[in-house]
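upload.json (JSON, C-alpha atoms)
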[["chain", "number", "residue", "atom", "x", "y", "z"],
["U", 5, "MET", "CA", -164.19, 114.41, -111.39],
["U", 6, "PRO", "CA", -160.88, 112.56, -111.07],
["U", 7, "PHE", "CA", -159.16, 115.75, -109.93],
["U", 8, "SER", "CA", -160.98, 115.51, -106.62],
["U", 9, "ARG", "CA", -158.21, 113.01, -105.83],
["U", 10, "LEU", "CA", -155.72, 115.85, -105.95],
["U", 11, "ALA", "CA", -157.16, 117.57, -102.89],
["U", 12, "THR", "CA", -154.75, 119.58, -100.77],
["U", 13, "ALA", "CA", -154.88, 117.01, -97.98],
["U", 14, "THR", "CA", -153.59, 114.21, -100.22],
["U", 15, "THR", "CA", -149.85, 114.99, -100.34],
["U", 16, "PRO", "CA", -147.76, 118.19, -100.15],
["U", 17, "THR", "CA", -146.91, 117.74, -103.84],
["U", 18, "ALA", "CA", -150.40, 116.86, -105.08],
["U", 19, "HIS", "CA", -150.52, 120.13, -107.01],
["U", 20, "LEU", "CA", -147.38, 119.20, -108.92],
["U", 21, "GLY", "CA", -147.61, 116.75, -111.81],
["U", 22, "LEU", "CA", -145.17, 115.05, -114.15],
["U", 23, "GLY", "CA", -145.34, 115.64, -117.90],
["U", 24, "LEU", "CA", -143.74, 113.05, -120.16],
["U", 25, "ALA", "CA", -142.98, 115.21, -123.22],
["U", 26, "ALA", "CA", -139.24, 115.21, -122.50],
["U", 27, "VAL", "CA", -138.79, 111.45, -122.07],
["U", 28, "GLY", "CA", -141.42, 109.85, -124.31],
["U", 29, "ARG", "CA", -139.41, 110.56, -127.48],
["U", 30, "PRO", "CA", -135.71, 111.18, -128.25],
["U", 31, "GLY", "CA", -136.12, 114.72, -129.56],
["U", 32, "TYR", "CA", -137.65, 117.78, -127.91],
["U", 33, "ILE", "CA", -137.05, 121.53, -127.66],
["U", 34, "THR", "CA", -135.83, 121.64, -124.04],
["U", 35, "LEU", "CA", -132.43, 123.27, -123.55],
["U", 36, "ASP", "CA", -129.41, 121.19, -122.43],
["U", 37, "ARG", "CA", -131.07, 117.95, -123.51],
["U", 38, "ALA", "CA", -127.80, 116.15, -124.29],
["U", 39, "ALA", "CA", -126.63, 116.72, -120.73],
["U", 40, "ASP", "CA", -129.89, 115.19, -119.46],
["U", 41, "LEU", "CA", -130.29, 112.21, -121.77],
["U", 42, "GLY", "CA", -126.92, 111.71, -123.47],
["U", 43, "GLU", "CA", -126.31, 111.65, -127.20],
["U", 44, "ASP", "CA", -128.78, 110.29, -129.73],
["U", 45, "ASP", "CA", -127.34, 106.75, -129.53],
["U", 46, "ASP", "CA", -128.18, 106.69, -125.82],
["U", 47, "ARG", "CA", -131.86, 107.48, -126.40],
["U", 48, "THR", "CA", -133.08, 104.06, -127.45],
["U", 49, "VAL", "CA", -136.67, 103.04, -126.83],
["U", 50, "GLU", "CA", -135.64, 100.80, -123.95],
["U", 51, "ASN", "CA", -133.38, 103.43, -122.38],
["U", 52, "LEU", "CA", -136.14, 106.02, -122.41],
["U", 53, "ARG", "CA", -138.65, 103.47, -121.16],
["U", 54, "THR", "CA", -136.33, 102.81, -118.22],
["U", 55, "ARG", "CA", -135.81, 106.54, -117.66],
["U", 56, "THR", "CA", -139.56, 107.17, -117.71],
["U", 57, "HIS", "CA", -140.18, 104.41, -115.20],
["U", 58, "GLU", "CA", -137.46, 105.77, -112.90],
["U", 59, "LEU", "CA", -139.09, 109.20, -113.04],
["U", 60, "LEU", "CA", -142.56, 107.76, -112.39],
["U", 61, "ASP", "CA", -141.27, 105.76, -109.41],
["U", 62, "ALA", "CA", -139.59, 108.84, -107.95],
["U", 63, "ALA", "CA", -142.60, 111.05, -108.63],
["U", 64, "TYR", "CA", -145.04, 108.66, -107.00],
["U", 65, "ALA", "CA", -142.78, 108.14, -103.98],
["U", 66, "GLN", "CA", -142.64, 111.92, -103.50],
["U", 67, "GLY", "CA", -146.39, 112.42, -103.66],
["U", 68, "VAL", "CA", -147.04, 113.31, -107.30],
["U", 69, "ARG", "CA", -150.44, 112.01, -108.40],
["U", 70, "TYR", "CA", -151.04, 113.55, -111.84],
["U", 71, "ILE", "CA", -149.20, 112.24, -114.94],
["U", 72, "ASP", "CA", -149.54, 113.94, -118.33],
["U", 73, "ALA", "CA", -148.91, 112.27, -121.71],
["U", 74, "ALA", "CA", -149.98, 112.77, -125.34],
["U", 75, "ARG", "CA", -150.30, 110.84, -128.57],
["U", 76, "SER", "CA", -147.52, 112.99, -130.03],
["U", 77, "TYR", "CA", -145.10, 112.41, -127.16],
["U", 78, "GLY", "CA", -143.57, 109.40, -128.89],
["U", 79, "ARG", "CA", -144.17, 106.34, -126.73],
["U", 80, "SER", "CA", -145.20, 108.21, -123.58],
["U", 81, "GLU", "CA", -148.58, 106.49, -123.30],
["U", 82, "GLU", "CA", -146.96, 103.09, -123.79],
["U", 83, "PHE", "CA", -144.27, 103.78, -121.19],
["U", 84, "LEU", "CA", -146.88, 105.03, -118.73],
["U", 85, "ALA", "CA", -149.19, 102.06, -119.33],
["U", 86, "ASP", "CA", -146.32, 99.64, -118.71],
["U", 87, "TRP", "CA", -145.54, 101.37, -115.44],
["U", 88, "LEU", "CA", -149.16, 101.41, -114.30],
["U", 89, "LYS", "CA", -149.43, 97.66, -114.93],
["U", 90, "SER", "CA", -146.33, 97.09, -112.81],
["U", 91, "ARG", "CA", -147.59, 99.31, -109.99],
["U", 92, "PRO", "CA", -151.04, 98.17, -108.84],
["U", 93, "ASP", "CA", -150.47, 100.27, -105.72],
["U", 94, "ALA", "CA", -150.65, 103.41, -107.89],
["U", 95, "ALA", "CA", -154.40, 103.25, -108.35],
["U", 96, "ASP", "CA", -154.73, 106.83, -107.09],
["U", 97, "VAL", "CA", -152.74, 108.29, -109.98],
["U", 98, "VAL", "CA", -154.75, 110.60, -112.26],
["U", 99, "VAL", "CA", -153.81, 110.05, -115.91],
["U", 100, "GLY", "CA", -154.18, 112.67, -118.64],
["U", 101, "SER", "CA", -153.36, 112.43, -122.31],
["U", 102, "LYS", "CA", -153.94, 114.52, -125.44],
["U", 103, "TRP", "CA", -155.03, 114.03, -129.02],
["U", 104, "GLY", "CA", -154.68, 116.32, -132.02],
["U", 105, "TYR", "CA", -151.03, 115.86, -132.99],
["U", 106, "THR", "CA", -149.49, 112.77, -134.60],
["U", 107, "TYR", "CA", -145.86, 111.89, -133.86],
["U", 108, "THR", "CA", -143.97, 111.65, -137.15],
["U", 109, "ALA", "CA", -140.24, 111.71, -136.24],
["U", 110, "ASP", "CA", -139.83, 107.89, -136.28],
["U", 111, "TRP", "CA", -137.66, 107.96, -133.15],
["U", 112, "THR", "CA", -135.10, 110.42, -134.53],
["U", 113, "THR", "CA", -133.99, 113.87, -133.41],
["U", 114, "ASP", "CA", -133.30, 115.31, -136.86],
["U", 115, "ALA", "CA", -136.61, 114.67, -138.61],
["U", 116, "GLU", "CA", -137.82, 117.42, -140.92],
["U", 117, "CYS", "CA", -141.20, 117.25, -139.15],
["U", 118, "HIS", "CA", -141.66, 115.90, -135.63],
["U", 119, "GLU", "CA", -145.44, 116.11, -135.31],
["U", 120, "VAL", "CA", -148.48, 116.97, -137.44],
["U", 121, "LYS", "CA", -151.52, 118.81, -136.11],
["U", 122, "ASP", "CA", -155.05, 117.66, -136.97],
["U", 123, "HIS", "CA", -158.09, 118.66, -134.88],
["U", 124, "SER", "CA", -160.65, 116.93, -137.09],
["U", 125, "LEU", "CA", -163.29, 114.48, -135.92],
["U", 126, "ALA", "CA", -161.53, 111.73, -137.89],
["U", 127, "ALA", "CA", -158.27, 112.42, -136.05],
["U", 128, "TYR", "CA", -160.08, 112.28, -132.73],
["U", 129, "GLU", "CA", -161.73, 108.97, -133.54],
["U", 130, "ARG", "CA", -158.42, 107.44, -134.62],
["U", 131, "GLN", "CA", -156.37, 108.71, -131.72],
["U", 132, "ARG", "CA", -159.04, 108.01, -129.10],
["U", 133, "ALA", "CA", -158.98, 104.37, -130.22],
["U", 134, "GLU", "CA", -155.17, 104.33, -130.07],
["U", 135, "THR", "CA", -155.10, 105.84, -126.58],
["U", 136, "GLY", "CA", -157.84, 103.47, -125.42],
["U", 137, "ALA", "CA", -155.91, 100.45, -126.67],
["U", 138, "ILE", "CA", -152.89, 101.51, -124.62],
["U", 139, "LEU", "CA", -154.28, 103.10, -121.45],
["U", 140, "GLY", "CA", -157.68, 101.44, -121.30],
["U", 141, "ASP", "CA", -159.78, 102.50, -118.33],
["U", 142, "ARG", "CA", -156.82, 104.27, -116.69],
["U", 143, "LEU", "CA", -157.43, 107.36, -118.85],
["U", 144, "ASP", "CA", -159.02, 110.06, -116.70],
["U", 145, "LEU", "CA", -158.53, 113.20, -118.80],
["U", 146, "TYR", "CA", -158.42, 113.52, -122.60],
["U", 147, "GLN", "CA", -157.41, 116.92, -123.93],
["U", 148, "ILE", "CA", -157.41, 118.55, -127.35],
["U", 149, "HIS", "CA", -153.74, 119.29, -127.94],
["U", 150, "SER", "CA", -152.74, 122.95, -128.45],
["U", 151, "VAL", "CA", -155.98, 124.70, -129.30],
["U", 152, "THR", "CA", -155.57, 128.11, -130.93],
["U", 153, "PRO", "CA", -158.37, 130.59, -131.71],
["U", 154, "ASP", "CA", -158.57, 129.35, -135.31],
["U", 155, "SER", "CA", -158.78, 125.67, -134.38],
["U", 156, "PRO", "CA", -161.71, 123.83, -136.00],
["U", 157, "ALA", "CA", -162.11, 121.99, -132.71],
["U", 158, "LEU", "CA", -163.80, 125.11, -131.33],
["U", 159, "THR", "CA", -166.60, 125.08, -133.91],
["U", 160, "ASP", "CA", -167.04, 121.44, -134.99],
["U", 161, "LYS", "CA", -170.42, 120.44, -133.52],
["U", 162, "ASP", "CA", -170.01, 116.79, -134.54],
["U", 163, "LEU", "CA", -166.71, 116.66, -132.67],
["U", 164, "HIS", "CA", -168.32, 118.32, -129.65],
["U", 165, "ALA", "CA", -171.02, 115.65, -129.63],
["U", 166, "ARG", "CA", -168.44, 112.85, -129.66],
["U", 167, "LEU", "CA", -166.46, 114.51, -126.86],
["U", 168, "ALA", "CA", -169.66, 114.84, -124.84],
["U", 169, "GLU", "CA", -170.23, 111.11, -125.30],
["U", 170, "ALA", "CA", -166.76, 110.44, -123.88],
["U", 171, "ALA", "CA", -167.58, 112.71, -120.94],
["U", 172, "ALA", "CA", -170.81, 110.81, -120.33],
["U", 173, "GLN", "CA", -168.76, 107.62, -120.18],
["U", 174, "GLY", "CA", -166.57, 109.06, -117.41],
["U", 175, "VAL", "CA", -163.60, 110.63, -119.19],
["U", 176, "THR", "CA", -162.99, 114.27, -118.31],
["U", 177, "VAL", "CA", -162.78, 116.34, -121.50],
["U", 178, "GLY", "CA", -160.29, 119.18, -121.65],
["U", 179, "PHE", "CA", -158.06, 121.19, -123.95],
["U", 180, "SER", "CA", -154.58, 122.65, -123.96],
["U", 181, "THR", "CA", -153.46, 125.91, -125.52],
["U", 182, "SER", "CA", -150.33, 127.36, -127.08],
["U", 183, "GLY", "CA", -149.24, 130.42, -128.99],
["U", 184, "PRO", "CA", -149.49, 134.15, -128.38],
["U", 185, "ARG", "CA", -153.31, 134.15, -128.28],
["U", 186, "GLN", "CA", -153.84, 131.61, -125.51],
["U", 187, "ALA", "CA", -156.29, 133.88, -123.69],
["U", 188, "ASP", "CA", -158.51, 134.13, -126.78],
["U", 189, "ALA", "CA", -158.47, 130.36, -127.21],
["U", 190, "ILE", "CA", -159.39, 129.79, -123.55],
["U", 191, "ARG", "CA", -162.32, 132.18, -123.69],
["U", 192, "ALA", "CA", -163.57, 130.66, -126.95],
["U", 193, "ALA", "CA", -163.41, 127.17, -125.44],
["U", 194, "LEU", "CA", -165.30, 128.29, -122.33],
["U", 195, "ALA", "CA", -168.18, 129.25, -124.60],
["U", 196, "VAL", "CA", -168.48, 125.78, -126.15],
["U", 197, "THR", "CA", -171.57, 123.94, -124.93],
["U", 198, "VAL", "CA", -173.41, 120.72, -125.76],
["U", 199, "ASP", "CA", -177.12, 120.59, -124.92],
["U", 200, "GLY", "CA", -176.68, 123.80, -122.96],
["U", 201, "GLU", "CA", -173.88, 122.45, -120.74],
["U", 202, "PRO", "CA", -170.19, 123.46, -120.88],
["U", 203, "LEU", "CA", -168.14, 120.83, -122.70],
["U", 204, "PHE", "CA", -164.71, 121.32, -121.21],
["U", 205, "ARG", "CA", -163.83, 120.63, -117.58],
["U", 206, "ALA", "CA", -160.04, 121.18, -117.69],
["U", 207, "VAL", "CA", -157.61, 123.53, -119.41],
["U", 208, "GLN", "CA", -153.84, 123.18, -119.76],
["U", 209, "SER", "CA", -151.88, 126.28, -120.75],
["U", 210, "THR", "CA", -148.36, 127.66, -120.84],
["U", 211, "TYR", "CA", -147.74, 130.04, -117.96],
["U", 212, "ASN", "CA", -144.46, 131.05, -116.36],
["U", 213, "VAL", "CA", -142.67, 134.19, -115.19],
["U", 214, "LEU", "CA", -141.74, 134.98, -118.80],
["U", 215, "GLU", "CA", -145.20, 134.30, -120.29],
["U", 216, "THR", "CA", -148.08, 135.49, -118.10],
["U", 217, "SER", "CA", -150.56, 136.59, -120.77],
["U", 218, "ALA", "CA", -153.05, 133.76, -120.15],
["U", 219, "GLY", "CA", -153.37, 134.49, -116.44],
["U", 220, "THR", "CA", -156.64, 136.44, -116.46],
["U", 221, "ALA", "CA", -158.32, 133.95, -118.81],
["U", 222, "LEU", "CA", -157.12, 131.03, -116.66],
["U", 223, "ALA", "CA", -158.65, 132.74, -113.62],
["U", 224, "GLU", "CA", -161.92, 132.95, -115.57],
["U", 225, "ALA", "CA", -161.66, 129.25, -116.41],
["U", 226, "HIS", "CA", -161.08, 128.43, -112.75],
["U", 227, "ASP", "CA", -164.08, 130.51, -111.73],
["U", 228, "ALA", "CA", -166.13, 128.60, -114.32],
["U", 229, "GLY", "CA", -165.25, 125.35, -112.58],
["U", 230, "LEU", "CA", -162.43, 124.06, -114.79],
["U", 231, "THR", "CA", -159.31, 122.46, -113.38],
["U", 232, "VAL", "CA", -156.32, 124.54, -114.52],
["U", 233, "ILE", "CA", -153.13, 122.66, -115.42],
["U", 234, "VAL", "CA", -150.00, 124.70, -116.15],
["U", 235, "LYS", "CA", -147.38, 123.42, -118.58],
["U", 236, "GLU", "CA", -143.95, 124.80, -119.45],
["U", 237, "GLY", "CA", -143.50, 126.46, -116.08],
["U", 238, "MET", "CA", -139.76, 126.27, -116.77],
["U", 239, "ALA", "CA", -140.08, 127.85, -120.24],
["U", 240, "ASN", "CA", -138.39, 124.88, -121.93],
["U", 241, "GLY", "CA", -135.31, 125.27, -119.74],
["U", 242, "ARG", "CA", -134.95, 129.05, -120.01],
["U", 243, "LEU", "CA", -135.63, 129.35, -116.27],
["U", 244, "ALA", "CA", -133.22, 126.60, -115.20],
["U", 245, "ALA", "CA", -130.07, 127.66, -113.35],
["U", 246, "PRO", "CA", -127.67, 127.82, -116.34],
["U", 247, "HIS", "CA", -130.02, 130.16, -118.23],
["U", 248, "ALA", "CA", -132.11, 131.84, -115.51],
["U", 249, "PRO", "CA", -132.32, 135.67, -115.54],
["U", 250, "GLU", "CA", -130.65, 137.52, -112.70],
["U", 251, "PRO", "CA", -133.79, 138.45, -110.70],
["U", 252, "LEU", "CA", -134.78, 134.78, -110.56],
["U", 253, "ARG", "CA", -131.28, 133.80, -109.49],
["U", 254, "ALA", "CA", -131.37, 136.39, -106.71],
["U", 255, "VAL", "CA", -134.70, 135.19, -105.33],
["U", 256, "ALA", "CA", -133.54, 131.57, -105.54],
["U", 257, "GLU", "CA", -130.44, 132.43, -103.53],
["U", 258, "GLU", "CA", -132.62, 134.04, -100.87],
["U", 259, "THR", "CA", -134.78, 130.93, -100.58],
["U", 260, "GLY", "CA", -131.85, 128.53, -100.55],
["U", 261, "LEU", "CA", -133.46, 126.48, -103.31],
["U", 262, "GLY", "CA", -133.02, 126.20, -107.05],
["U", 263, "CYS", "CA", -134.17, 128.59, -109.76],
["U", 264, "ASP", "CA", -136.46, 125.82, -111.00],
["U", 265, "ALA", "CA", -138.22, 125.45, -107.65],
["U", 266, "VAL", "CA", -138.73, 129.21, -107.42],
["U", 267, "ALA", "CA", -140.03, 129.45, -111.00],
["U", 268, "LEU", "CA", -142.57, 126.70, -110.38],
["U", 269, "ALA", "CA", -143.47, 128.11, -106.95],
["U", 270, "ALA", "CA", -144.38, 131.42, -108.62],
["U", 271, "VAL", "CA", -146.94, 129.51, -110.70],
["U", 272, "LEU", "CA", -148.22, 127.52, -107.71],
["U", 273, "ARG", "CA", -148.84, 130.85, -105.96],
["U", 274, "GLN", "CA", -151.52, 131.78, -108.50],
["U", 275, "PRO", "CA", -154.93, 131.25, -106.85],
["U", 276, "TRP", "CA", -156.36, 129.61, -109.96],
["U", 277, "THR", "CA", -153.65, 126.97, -110.30],
["U", 278, "GLY", "CA", -154.79, 123.37, -110.00],
["U", 279, "VAL", "CA", -151.72, 121.42, -111.14],
["U", 280, "VAL", "CA", -148.27, 122.59, -112.26],
["U", 281, "LEU", "CA", -146.34, 120.17, -114.43],
["U", 282, "SER", "CA", -142.70, 119.28, -114.02],
["U", 283, "GLY", "CA", -141.11, 118.39, -117.33],
["U", 284, "ALA", "CA", -138.09, 116.79, -115.66],
["U", 285, "ALA", "CA", -135.88, 114.43, -117.65],
["U", 286, "THR", "CA", -133.86, 113.21, -114.66],
["U", 287, "VAL", "CA", -134.74, 112.19, -111.12],
["U", 288, "LEU", "CA", -132.44, 114.92, -109.80],
["U", 289, "GLN", "CA", -134.35, 117.54, -111.80],
["U", 290, "LEU", "CA", -137.66, 116.14, -110.61],
["U", 291, "THR", "CA", -136.65, 116.23, -106.96],
["U", 292, "SER", "CA", -135.47, 119.81, -107.33],
["U", 293, "ASN", "CA", -138.70, 120.78, -109.13],
["U", 294, "LEU", "CA", -140.79, 119.28, -106.34],
["U", 295, "HIS", "CA", -139.15, 121.58, -103.81],
["U", 296, "ALA", "CA", -141.48, 124.21, -105.28],
["U", 297, "ALA", "CA", -144.13, 122.96, -102.86],
["U", 298, "ALA", "CA", -141.94, 124.16, -99.97],
["U", 299, "VAL", "CA", -141.06, 127.59, -101.37],
["U", 300, "ASP", "CA", -142.92, 130.39, -99.59],
["U", 301, "LEU", "CA", -142.37, 133.42, -101.82],
["U", 302, "THR", "CA", -143.00, 136.84, -100.30],
["U", 303, "ASP", "CA", -145.00, 139.52, -102.07],
["U", 304, "ASP", "CA", -141.77, 141.46, -102.53],
["U", 305, "GLN", "CA", -140.02, 138.52, -104.18],
["U", 306, "LEU", "CA", -142.97, 137.97, -106.52],
["U", 307, "ALA", "CA", -142.97, 141.66, -107.40],
["U", 308, "ARG", "CA", -139.28, 141.45, -108.33],
["U", 309, "LEU", "CA", -140.06, 138.63, -110.76],
["U", 310, "GLU", "CA", -142.90, 140.50, -112.51],
["U", 311, "PRO", "CA", -140.65, 142.58, -114.82],
["U", 312, "LEU", "CA", -139.37, 139.34, -116.38],
["U", 313, "ALA", "CA", -142.63, 138.94, -118.29],
["U", 314, "GLU", "CA", -142.25, 139.29, -122.05],
["U", 315, "THR", "CA", -144.92, 140.14, -124.58],
["U", 316, "PRO", "CA", -146.59, 136.94, -125.80],
["U", 317, "GLU", "CA", -145.35, 137.65, -129.32],
["U", 318, "THR", "CA", -141.74, 137.85, -128.11],
["U", 319, "TYR", "CA", -142.04, 134.76, -125.94],
["U", 320, "TRP", "CA", -143.60, 132.56, -128.61],
["U", 321, "GLN", "CA", -141.24, 133.78, -131.30],
["U", 322, "HIS", "CA", -138.33, 132.73, -129.08],
["U", 323, "ARG", "CA", -139.95, 129.38, -128.32],
["U", 324, "GLY", "CA", -140.65, 128.78, -132.00],
["U", 325, "ALA", "CA", -136.98, 129.26, -132.79],
["U", 326, "LEU", "CA", -135.78, 126.61, -130.31],
["U", 327, "PRO", "CA", -134.26, 123.65, -132.15],
["U", 328, "TRP", "CA", -135.27, 120.04, -131.58],
["U", 329, "HIS", "CA", -132.44, 118.41, -129.64]]

Any chance you could put this one into structure tokens?
Amino acid sequence: MPFSRLATATTPTAHLGLGLAAVGRPGYITLDRAADLGEDDDRTVENLRTRTHELLDAAYAQGVRYIDAARSYGRSEEFLADWLKSRPDAADVVVGSKWGYTYTADWTTDAECHEVKDHSLAAYERQRAETGAILGDRLDLYQIHSVTPDSPALTDKDLHARLAEAAAQGVTVGFSTSGPRQADAIRAALAVTVDGEPLFRAVQSTYNVLETSAGTALAEAHDAGLTVIVKEGMANGRLAAPHAPEPLRAVAEETGLGCDAVALAAVLRQPWTGVVLSGAATVLQLTSNLHAAAVDLTDDQLARLEPLAETPETYWQHRGALPWH
């Protein structure tokens, strides 16, 4: 598996990755986006290409070796492919992408619909070809984007057969989850087999100090041999310094590092965690996020963060109300 390259001995930050959702397209639901990227007129394709490459350069220099993109993240695959071609020294980077959503905002921030979900076999065939044309043999992990318990991707045997073919050709097959029933989706995916063998070898889920409901299921996935990738460890900016709840601020002050580093460190502390994604939009944010690898939280500090957890229904209702900026 490509994730063997992310062994602990590789770099201190090998268990931190960079997700490109925030910089592959002009609009996203992260808080304070204008402060990070400027106004809409500043978010041209070339400006965000440059920003993405700056982030990738900084991430690689600081030891990050997993990069996460998606078909629906605007031009994220294109920006990443351009960078990979310019950096032959980055052959040890593990590349993941996702299929299942189509980007529909046409490089605007005020589109009525930014992305359309489709987990059909036809959508997979189309998007797999698109990803292959851009990333070629640099694609290590291909994930179904945002599986929920009612997703047809969990029951479509023809789709499972095609995904198994991709796995036989060397691409790790995984899935991501979202919504208040992540745990149910994870357990349903763990039960999917092809010819008696488990289909999925990686899972990517939302987990942070506000949304911990998938934790037990992610531990089960880890025990089953899957690599666990955690997204939205910063809760779309809700755990960043300007918005962080008081207990997180207090622990951050004790560590001498930022609220973001502490929030991500709390996820890294989970024994089932394989990779935790930074969704940084600036190099300064990325560098601060990567300090999570140096945060040594005590049991007492972790216990003081536990009451921050919301019910999954509350968390996802709040997330669903965030506007696209």

Subject >> Residue neighbourhood stretch 289-299 of chain U, 9 Å, all atoms listed in the file, exclusion window fewer than 3 positions, as a PyMOL selection string >> reply: chain U and resi 16-17+19-20+22+59+62-63+66+68+259+261-262+264-270+272+282-286

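Counting only C-alpha atoms and comparing U:Thr54, U:Thr315, U:Ser155, U:Thr231, the residue that lies closest to U:Arg205 is U:Thr231.
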
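If you look at atom CA of U:Pro156 and atom CA of U:Glu82, they are 28.2 Å away from each other.
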
Subject >> Gap from atom CA of U:Ile33 to atom CA of U:Trp328 - Å, one decimal >> reply: 4.6 Å

Produce a table with one row for each residue of stretch 77-139 of chain U that has an atom at most 12 Å from any atom of stretch 317-327 of chain U, each row naming the nearest atom pair and its distance in Å at one decimal; use only C-alpha atoms; arrange rows by chain and rising residue number; format as a tab-separated table.
residue	atom	partner	partner_atom	distance
U:Thr113	CA	U:Pro327	CA	9.9
U:Asp114	CA	U:Pro327	CA	9.6
U:Ala115	CA	U:Pro327	CA	11.3
U:Glu116	CA	U:Pro327	CA	11.3
U:Cys117	CA	U:Pro327	CA	11.8
U:His118	CA	U:Pro327	CA	11.3

Original post:
Skipping near chain neighbours, those fewer than 3 positions away, what residues fall within 10 Å of U:Val196 using only C-alpha atoms, listed as a list in words?
Top reply: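 Those residues are Ala157, Leu158, Thr159, Asp160, Lys161, His164, Arg191, Ala192, Ala193, Gly200, Glu201, Pro202, Leu203 and Phe204 of chain U.
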
**OP:** Can you work out the spacing between atom CA of U:Arg242 and atom CA of U:Leu35 in Å, to one decimal?
**Re:** 7.2 Å

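Among U:Ala254, U:Ala25, U:Ala248, U:Ala223, the residue with the shortest atom-to-atom distance to U:Lys102, counting all atoms listed in the file, is U:Ala25.
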
**OP:** Would you list the contacts of U:Arg37 as a PyMOL selection string, taking every protein, DNA or RNA residue within 9 Å and counting only C-alpha atoms, but skipping same-chain residues closer than 6 positions in sequence?
**Re:** chain U and resi 26+31+43+285+329

Give me the stretch 68-99 of chain U side of the contact with stretch 119-136 of chain U, cut-off 9 Å, one line per residue showing its nearest atom pair and distance in Å at one decimal, counting all atoms listed in the file, sorted by chain and residue number, as JSON lines.
{"residue": "U:Ala74", "atom": "CA", "partner": "U:Thr135", "partner_atom": "CA", "distance": 8.7}
{"residue": "U:Arg75", "atom": "CA", "partner": "U:Gln131", "partner_atom": "CA", "distance": 7.2}
{"residue": "U:Ser76", "atom": "CA", "partner": "U:Glu119", "partner_atom": "CA", "distance": 6.5}
{"residue": "U:Tyr77", "atom": "CA", "partner": "U:Glu119", "partner_atom": "CA", "distance": 9.0}
{"residue": "U:Glu81", "atom": "CA", "partner": "U:Thr135", "partner_atom": "CA", "distance": 7.3}

Given the selection you just returned, output its residues as a file containing C-alpha atoms, formatted as an mmCIF file, keeping the file's coordinate frame.
data_model
loop_
_atom_site.group_PDB
_atom_site.id
_atom_site.type_symbol
_atom_site.label_atom_id
_atom_site.label_comp_id
_atom_site.auth_asym_id
_atom_site.auth_seq_id
_atom_site.Cartn_x
_atom_site.Cartn_y
_atom_site.Cartn_z
ATOM 1 C CA ALA U 74 -149.980 112.770 -125.340
ATOM 2 C CA ARG U 75 -150.300 110.840 -128.570
ATOM 3 C CA SER U 76 -147.520 112.990 -130.030
ATOM 4 C CA TYR U 77 -145.100 112.410 -127.160
ATOM 5 C CA GLU U 81 -148.580 106.490 -123.300
#

Original post:
Within 8 Å of (-156.5, 128.2, -127.1), in the coordinates the file gives, what residues turn up when you count all atoms listed in the file, written out as a list in words?
Top reply: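 Every residue inside that radius is included here: Ser150, Val151, Thr152, Pro153, Phe179, Ser180, Thr181, Ser182, Gly183, Arg185, Gln186, Ala187, Asp188, Ala189, Ile190, Arg191, Ala192 and Ala193 of chain U.
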
Subject >> Option closest in space to U:Tyr107, from U:Gly28, U:Gly241, U:Pro251, U:Gly278 [counting only C-alpha atoms] >> reply: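 The answer is U:Gly28, which sits nearest to U:Tyr107.
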
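Each of U:Leu143, U:Val279, U:Leu288, U:Ile71 was checked against U:Ser209 using all atoms listed in the file; the smallest atom-to-atom distance is that of U:Val279.
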
Subject >> Pick from U:Arg308, U:Arg69, U:Arg273, U:Arg79, whichever lies nearest to U:Asp96 using all atoms listed in the file >> reply: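 Among the listed residues, U:Arg69 lies closest to U:Asp96.
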
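Using only C-alpha atoms, the nearest neighbour of U:Gln147 within the list U:Leu194, U:Val207, U:Ala94, U:Leu222 is U:Val207.
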
**OP:** Would you mind listing what lies within 10 Å of U:Asn212 as a PyMOL selection string, with all atoms listed in the file counted and same-chain residues fewer than 4 positions away left out?
**Re:** chain U and resi 216-219+234-239+243+267-271+312-313

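Near U:Ala95, within 12 Å and counting only C-alpha atoms, sit Pro6, Arg9, Tyr64, Arg69, Tyr70, Trp87, Leu88, Lys89, Ser90, Arg91, Pro92, Asp93, Val97, Val98, Val99, Asp141, Arg142, Leu143 and Asp144 of chain U, not including residues fewer than 2 positions from it in the same chain.
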